[in-house]
$ cat final.cif   # mmCIF, C-alpha atoms
data_upload
#
loop_
_atom_site.group_PDB
_atom_site.id
_atom_site.type_symbol
_atom_site.label_atom_id
_atom_site.label_comp_id
_atom_site.auth_asym_id
_atom_site.auth_seq_id
_atom_site.Cartn_x
_atom_site.Cartn_y
_atom_site.Cartn_z
ATOM 1 C CA TYR A 17 0.000 0.000 0.000
ATOM 2 C CA THR A 18 3.021 2.244 -0.395
ATOM 3 C CA TYR A 19 1.746 3.994 -3.531
ATOM 4 C CA VAL A 20 -2.007 4.133 -2.816
ATOM 5 C CA GLY A 21 -3.365 7.358 -4.249
ATOM 6 C CA GLN A 22 -0.166 8.101 -6.162
ATOM 7 C CA ASP A 23 0.769 7.319 -9.747
ATOM 8 C CA HIS A 24 3.759 5.007 -9.884
ATOM 9 C CA VAL A 25 5.273 2.681 -12.494
ATOM 10 C CA VAL A 26 4.816 -0.267 -10.113
ATOM 11 C CA GLN A 27 1.027 0.040 -10.398
ATOM 12 C CA GLY A 28 1.089 -0.219 -14.176
ATOM 13 C CA LEU A 29 3.461 -3.175 -14.128
ATOM 14 C CA ASP A 30 1.333 -4.917 -11.512
ATOM 15 C CA ARG A 31 -1.832 -4.447 -13.567
ATOM 16 C CA TRP A 32 -0.277 -5.760 -16.784
ATOM 17 C CA LEU A 33 1.502 -8.719 -15.218
ATOM 18 C CA ALA A 34 -1.447 -9.734 -13.044
ATOM 19 C CA THR A 35 -3.836 -9.495 -15.985
ATOM 20 C CA LEU A 36 -1.604 -11.482 -18.331
ATOM 21 C CA MET A 37 -0.919 -14.164 -15.749
ATOM 22 C CA MET A 38 -4.620 -14.509 -14.863
ATOM 23 C CA ILE A 39 -5.564 -14.842 -18.549
ATOM 24 C CA ARG A 40 -2.847 -17.455 -19.070
ATOM 25 C CA LEU A 41 -3.749 -19.443 -15.957
ATOM 26 C CA THR A 42 -7.459 -19.315 -16.787
ATOM 27 C CA ALA A 43 -6.794 -20.563 -20.339
ATOM 28 C CA LEU A 44 -4.680 -23.446 -19.032
ATOM 29 C CA PHE A 45 -7.349 -24.264 -16.444
ATOM 30 C CA VAL A 46 -10.094 -24.280 -19.096
ATOM 31 C CA MET A 47 -8.035 -26.689 -21.222
ATOM 32 C CA LYS A 48 -7.968 -29.131 -18.267
ATOM 33 C CA THR A 49 -11.554 -28.571 -17.087
ATOM 34 C CA SER A 50 -14.258 -26.386 -18.646
ATOM 35 C CA ILE A 51 -15.315 -22.780 -19.052
ATOM 36 C CA LEU A 52 -18.029 -23.353 -16.440
ATOM 37 C CA ASP A 53 -15.456 -24.570 -13.903
ATOM 38 C CA ALA A 54 -13.278 -21.529 -14.615
ATOM 39 C CA ALA A 55 -16.243 -19.182 -14.250
ATOM 40 C CA ALA A 56 -17.154 -20.746 -10.908
ATOM 41 C CA MET A 57 -13.562 -20.461 -9.707
ATOM 42 C CA LEU A 58 -13.340 -16.779 -10.689
ATOM 43 C CA VAL A 59 -16.660 -15.461 -9.315
ATOM 44 C CA ILE A 60 -15.281 -14.438 -5.915
ATOM 45 C CA PRO A 61 -11.959 -12.927 -7.085
ATOM 46 C CA ILE A 62 -13.652 -10.949 -9.867
ATOM 47 C CA SER A 63 -16.351 -9.742 -7.463
ATOM 48 C CA CYS A 64 -13.691 -8.562 -5.018
ATOM 49 C CA PHE A 65 -11.857 -6.803 -7.850
ATOM 50 C CA LEU A 66 -15.049 -5.010 -8.923
ATOM 51 C CA PHE A 67 -15.914 -3.995 -5.352
ATOM 52 C CA ALA A 68 -12.352 -2.698 -4.868
ATOM 53 C CA ASN A 69 -12.679 -0.580 -8.020
ATOM 54 C CA LYS A 70 -16.031 0.727 -6.809
ATOM 55 C CA ALA A 71 -14.492 1.683 -3.463
ATOM 56 C CA LYS A 72 -11.609 3.368 -5.279
ATOM 57 C CA GLY A 73 -14.072 5.412 -7.326
ATOM 58 C CA GLU A 74 -15.877 6.393 -4.130
ATOM 59 C CA ARG A 75 -12.513 7.289 -2.557
ATOM 60 C CA SER A 76 -13.186 4.923 0.335
ATOM 61 C CA LEU A 77 -9.705 3.820 1.343
ATOM 62 C CA PRO A 78 -10.836 1.395 4.114
ATOM 63 C CA ASN A 79 -13.228 -0.380 1.721
ATOM 64 C CA TRP A 80 -10.635 -0.408 -1.049
ATOM 65 C CA ILE A 81 -8.043 -1.964 1.271
ATOM 66 C CA PHE A 82 -10.585 -4.560 2.448
ATOM 67 C CA TYR A 83 -11.693 -5.638 -1.031
ATOM 68 C CA HIS A 84 -8.229 -5.356 -2.536
ATOM 69 C CA THR A 85 -6.908 -7.655 0.193
ATOM 70 C CA LEU A 86 -9.762 -10.102 -0.388
ATOM 71 C CA TRP A 87 -9.051 -9.938 -4.120
ATOM 72 C CA HIS A 88 -5.429 -10.928 -3.548
ATOM 73 C CA PHE A 89 -6.374 -13.675 -1.088
ATOM 74 C CA SER A 90 -9.179 -15.154 -3.195
ATOM 75 C CA GLY A 91 -7.247 -14.721 -6.445
ATOM 76 C CA GLY A 92 -4.169 -16.334 -4.916
ATOM 77 C CA THR A 93 -6.254 -19.209 -3.594
ATOM 78 C CA ALA A 94 -7.952 -19.681 -6.984
ATOM 79 C CA SER A 95 -4.557 -19.524 -8.708
ATOM 80 C CA ALA A 96 -3.108 -22.142 -6.377
ATOM 81 C CA TRP A 97 -6.111 -24.414 -6.950
ATOM 82 C CA ALA A 98 -5.940 -23.941 -10.729
ATOM 83 C CA THR A 99 -2.215 -24.687 -10.724
ATOM 84 C CA TYR A 100 -2.854 -27.860 -8.738
ATOM 85 C CA ILE A 101 -5.570 -28.988 -11.179
ATOM 86 C CA ILE A 102 -3.398 -28.168 -14.202
ATOM 87 C CA ARG A 103 -0.300 -29.947 -12.896
ATOM 88 C CA LYS A 104 -1.628 -32.748 -10.626
ATOM 89 C CA ASP A 105 -1.213 -35.455 -13.275
ATOM 90 C CA ASP A 106 2.473 -34.567 -13.593
ATOM 91 C CA PHE A 107 3.090 -35.539 -9.969
ATOM 92 C CA LEU A 108 0.766 -38.470 -9.355
#
$ encode --input "final.cif" --output "structure tokens"
Amino acid sequence: YTYVGQDHVVQGLDRWLATLMMIRLTALFVMKTSILDAAAMLVIPISCFLFANKAKGERSLPNWIFYHTLWHFSGGTASAWATYIIRKDDFL
């Protein structure tokens, strides 16, 4: 939260890298499962992302921090689960 409310190159890099990695991971997950499974896995992280953006637009820092944190937690959990599903056959 070092650069909250300030423009900084780190924010742009984070947005691009996070977006590209989520698209890649979702595509790999869909190839192993289905679009419906991917949609179910992404409902909570995407909802948190949207609520965080809403809070940002309302300039509500406490709500933004709350939803942004939940977005990272739920997105990280979904990413870990997707990675497990994608790679589990390689280790079993």
$ residues_around --input "final.cif" --residues "region 89-95 of chain A" --least-positions-apart "2" --cutoff "9 Å" --atoms "only C-alpha atoms" --output "VMD selection string"
chain A and resid 38 41 to 42 57 to 58 60 to 62 64 84 to 87 97 to 100
$ atom_distance --input "final.cif" --atom1 "CA of Gly28 (chain A)" --atom2 "CA of Phe45 (chain A)"
25.6 Å
$ atom_distance --input "final.cif" --atom1 "CA of Gly73 (chain A)" --atom2 "CA of Ala54 (chain A)"
27.9 Å
$ atom_distance --input "final.cif" --atom1 "CA of Ile101 (chain A)" --atom2 "CA of Lys48 (chain A)"
7.5 Å
$ closest_residue --input "final.cif" --among "A:Val46, A:Gln27, A:Gln22, A:Leu36" --to "Ile102 (chain A)" --atoms "only C-alpha atoms"
A:Val46
$ axis_aligned_box --input "final.cif" --around "region 27-38 of chain A" --padding-each-side "6 Å" --output "AutoDock Vina command-line options"
--center_x -0.6 --center_y -7.2 --center_z -14.4 --size_x 20.1 --size_y 26.5 --size_z 19.9
$ closest_residue --input "final.cif" --among "A:Ile81, A:Ser76, A:His88, A:Ala55" --to "Ala34 (chain A)" --atoms "only C-alpha atoms"
A:His88
$ closest_residue --input "final.cif" --among "A:Ala96, A:Lys104, A:Tyr83, A:Ser50" --to "Leu66 (chain A)" --atoms "only C-alpha atoms"
A:Tyr83
$ decode --input "final.cif" --residues "region 22-71 of chain A" --atoms "N, CA and C atoms" --output "compact mmCIF listing (two decimals), in the first residue's frame"
# COMPACT_ATOMS: atom_id res chain seq x y z
N GLN A 22 -1.23 7.46 -5.40
CA GLN A 22 -0.17 8.10 -6.16
C GLN A 22 0.07 7.31 -7.45
N ASP A 23 0.39 8.01 -8.52
CA ASP A 23 0.77 7.32 -9.75
C ASP A 23 2.20 6.82 -9.61
N HIS A 24 2.42 5.57 -9.97
CA HIS A 24 3.76 5.01 -9.88
C HIS A 24 3.87 3.88 -10.91
N VAL A 25 5.04 3.70 -11.47
CA VAL A 25 5.27 2.68 -12.49
C VAL A 25 4.93 1.28 -11.98
N VAL A 26 5.10 1.04 -10.70
CA VAL A 26 4.82 -0.27 -10.11
C VAL A 26 3.35 -0.64 -10.32
N GLN A 27 2.45 0.32 -10.23
CA GLN A 27 1.03 0.04 -10.40
C GLN A 27 0.73 -0.45 -11.81
N GLY A 28 1.30 0.20 -12.80
CA GLY A 28 1.09 -0.22 -14.18
C GLY A 28 1.65 -1.60 -14.45
N LEU A 29 2.86 -1.86 -13.96
CA LEU A 29 3.46 -3.18 -14.13
C LEU A 29 2.63 -4.25 -13.45
N ASP A 30 2.16 -3.96 -12.25
CA ASP A 30 1.33 -4.92 -11.51
C ASP A 30 0.06 -5.24 -12.29
N ARG A 31 -0.59 -4.22 -12.82
CA ARG A 31 -1.83 -4.45 -13.57
C ARG A 31 -1.59 -5.31 -14.80
N TRP A 32 -0.56 -4.99 -15.57
CA TRP A 32 -0.28 -5.76 -16.78
C TRP A 32 0.12 -7.20 -16.46
N LEU A 33 1.04 -7.37 -15.54
CA LEU A 33 1.50 -8.72 -15.22
C LEU A 33 0.40 -9.56 -14.60
N ALA A 34 -0.36 -8.99 -13.68
CA ALA A 34 -1.45 -9.73 -13.04
C ALA A 34 -2.50 -10.12 -14.07
N THR A 35 -2.84 -9.21 -14.96
CA THR A 35 -3.84 -9.49 -15.99
C THR A 35 -3.36 -10.59 -16.93
N LEU A 36 -2.14 -10.47 -17.42
CA LEU A 36 -1.60 -11.48 -18.33
C LEU A 36 -1.50 -12.85 -17.68
N MET A 37 -1.05 -12.88 -16.44
CA MET A 37 -0.92 -14.16 -15.75
C MET A 37 -2.29 -14.79 -15.46
N MET A 38 -3.28 -13.97 -15.13
CA MET A 38 -4.62 -14.51 -14.86
C MET A 38 -5.24 -15.05 -16.14
N ILE A 39 -5.05 -14.35 -17.26
CA ILE A 39 -5.56 -14.84 -18.55
C ILE A 39 -4.89 -16.17 -18.91
N ARG A 40 -3.59 -16.23 -18.75
CA ARG A 40 -2.85 -17.46 -19.07
C ARG A 40 -3.29 -18.62 -18.19
N LEU A 41 -3.37 -18.39 -16.89
CA LEU A 41 -3.75 -19.44 -15.96
C LEU A 41 -5.18 -19.90 -16.21
N THR A 42 -6.07 -18.96 -16.50
CA THR A 42 -7.46 -19.31 -16.79
C THR A 42 -7.54 -20.16 -18.06
N ALA A 43 -6.80 -19.79 -19.09
CA ALA A 43 -6.79 -20.56 -20.34
C ALA A 43 -6.28 -21.98 -20.10
N LEU A 44 -5.21 -22.12 -19.34
CA LEU A 44 -4.68 -23.45 -19.03
C LEU A 44 -5.68 -24.26 -18.21
N PHE A 45 -6.35 -23.59 -17.28
CA PHE A 45 -7.35 -24.26 -16.44
C PHE A 45 -8.52 -24.75 -17.29
N VAL A 46 -8.98 -23.91 -18.22
CA VAL A 46 -10.09 -24.28 -19.10
C VAL A 46 -9.72 -25.49 -19.96
N MET A 47 -8.46 -25.55 -20.41
CA MET A 47 -8.04 -26.69 -21.22
C MET A 47 -8.08 -28.00 -20.43
N LYS A 48 -7.92 -27.93 -19.11
CA LYS A 48 -7.97 -29.13 -18.27
C LYS A 48 -9.38 -29.42 -17.75
N THR A 49 -10.22 -28.39 -17.67
CA THR A 49 -11.55 -28.57 -17.09
C THR A 49 -12.60 -28.08 -18.09
N SER A 50 -13.25 -26.97 -17.76
CA SER A 50 -14.26 -26.39 -18.65
C SER A 50 -14.39 -24.90 -18.36
N ILE A 51 -15.06 -24.21 -19.26
CA ILE A 51 -15.32 -22.78 -19.05
C ILE A 51 -16.19 -22.57 -17.82
N LEU A 52 -17.15 -23.46 -17.61
CA LEU A 52 -18.03 -23.35 -16.44
C LEU A 52 -17.24 -23.49 -15.14
N ASP A 53 -16.31 -24.43 -15.10
CA ASP A 53 -15.46 -24.57 -13.90
C ASP A 53 -14.62 -23.31 -13.67
N ALA A 54 -14.08 -22.75 -14.74
CA ALA A 54 -13.28 -21.53 -14.62
C ALA A 54 -14.14 -20.37 -14.13
N ALA A 55 -15.34 -20.26 -14.67
CA ALA A 55 -16.24 -19.18 -14.25
C ALA A 55 -16.57 -19.32 -12.77
N ALA A 56 -16.84 -20.53 -12.32
CA ALA A 56 -17.15 -20.75 -10.91
C ALA A 56 -15.96 -20.39 -10.03
N MET A 57 -14.77 -20.74 -10.49
CA MET A 57 -13.56 -20.46 -9.71
C MET A 57 -13.28 -18.96 -9.61
N LEU A 58 -13.69 -18.20 -10.62
CA LEU A 58 -13.34 -16.78 -10.69
C LEU A 58 -14.41 -15.83 -10.15
N VAL A 59 -15.57 -16.34 -9.77
CA VAL A 59 -16.66 -15.46 -9.31
C VAL A 59 -16.22 -14.60 -8.13
N ILE A 60 -15.65 -15.20 -7.12
CA ILE A 60 -15.28 -14.44 -5.92
C ILE A 60 -14.13 -13.46 -6.19
N PRO A 61 -13.02 -13.90 -6.81
CA PRO A 61 -11.96 -12.93 -7.09
C PRO A 61 -12.42 -11.76 -7.96
N ILE A 62 -13.19 -12.03 -9.00
CA ILE A 62 -13.65 -10.95 -9.87
C ILE A 62 -14.60 -10.02 -9.11
N SER A 63 -15.46 -10.58 -8.27
CA SER A 63 -16.35 -9.74 -7.46
C SER A 63 -15.56 -8.83 -6.54
N CYS A 64 -14.54 -9.37 -5.90
CA CYS A 64 -13.69 -8.56 -5.02
C CYS A 64 -12.99 -7.46 -5.80
N PHE A 65 -12.51 -7.79 -6.99
CA PHE A 65 -11.86 -6.80 -7.85
C PHE A 65 -12.83 -5.67 -8.20
N LEU A 66 -14.05 -6.02 -8.56
CA LEU A 66 -15.05 -5.01 -8.92
C LEU A 66 -15.43 -4.14 -7.72
N PHE A 67 -15.60 -4.77 -6.56
CA PHE A 67 -15.91 -3.99 -5.35
C PHE A 67 -14.75 -3.07 -4.97
N ALA A 68 -13.51 -3.54 -5.16
CA ALA A 68 -12.35 -2.70 -4.87
C ALA A 68 -12.33 -1.49 -5.79
N ASN A 69 -12.63 -1.71 -7.08
CA ASN A 69 -12.68 -0.58 -8.02
C ASN A 69 -13.80 0.40 -7.68
N LYS A 70 -14.93 -0.14 -7.23
CA LYS A 70 -16.03 0.73 -6.81
C LYS A 70 -15.61 1.57 -5.61
N ALA A 71 -14.97 0.95 -4.64
CA ALA A 71 -14.49 1.68 -3.46
C ALA A 71 -13.46 2.74 -3.84
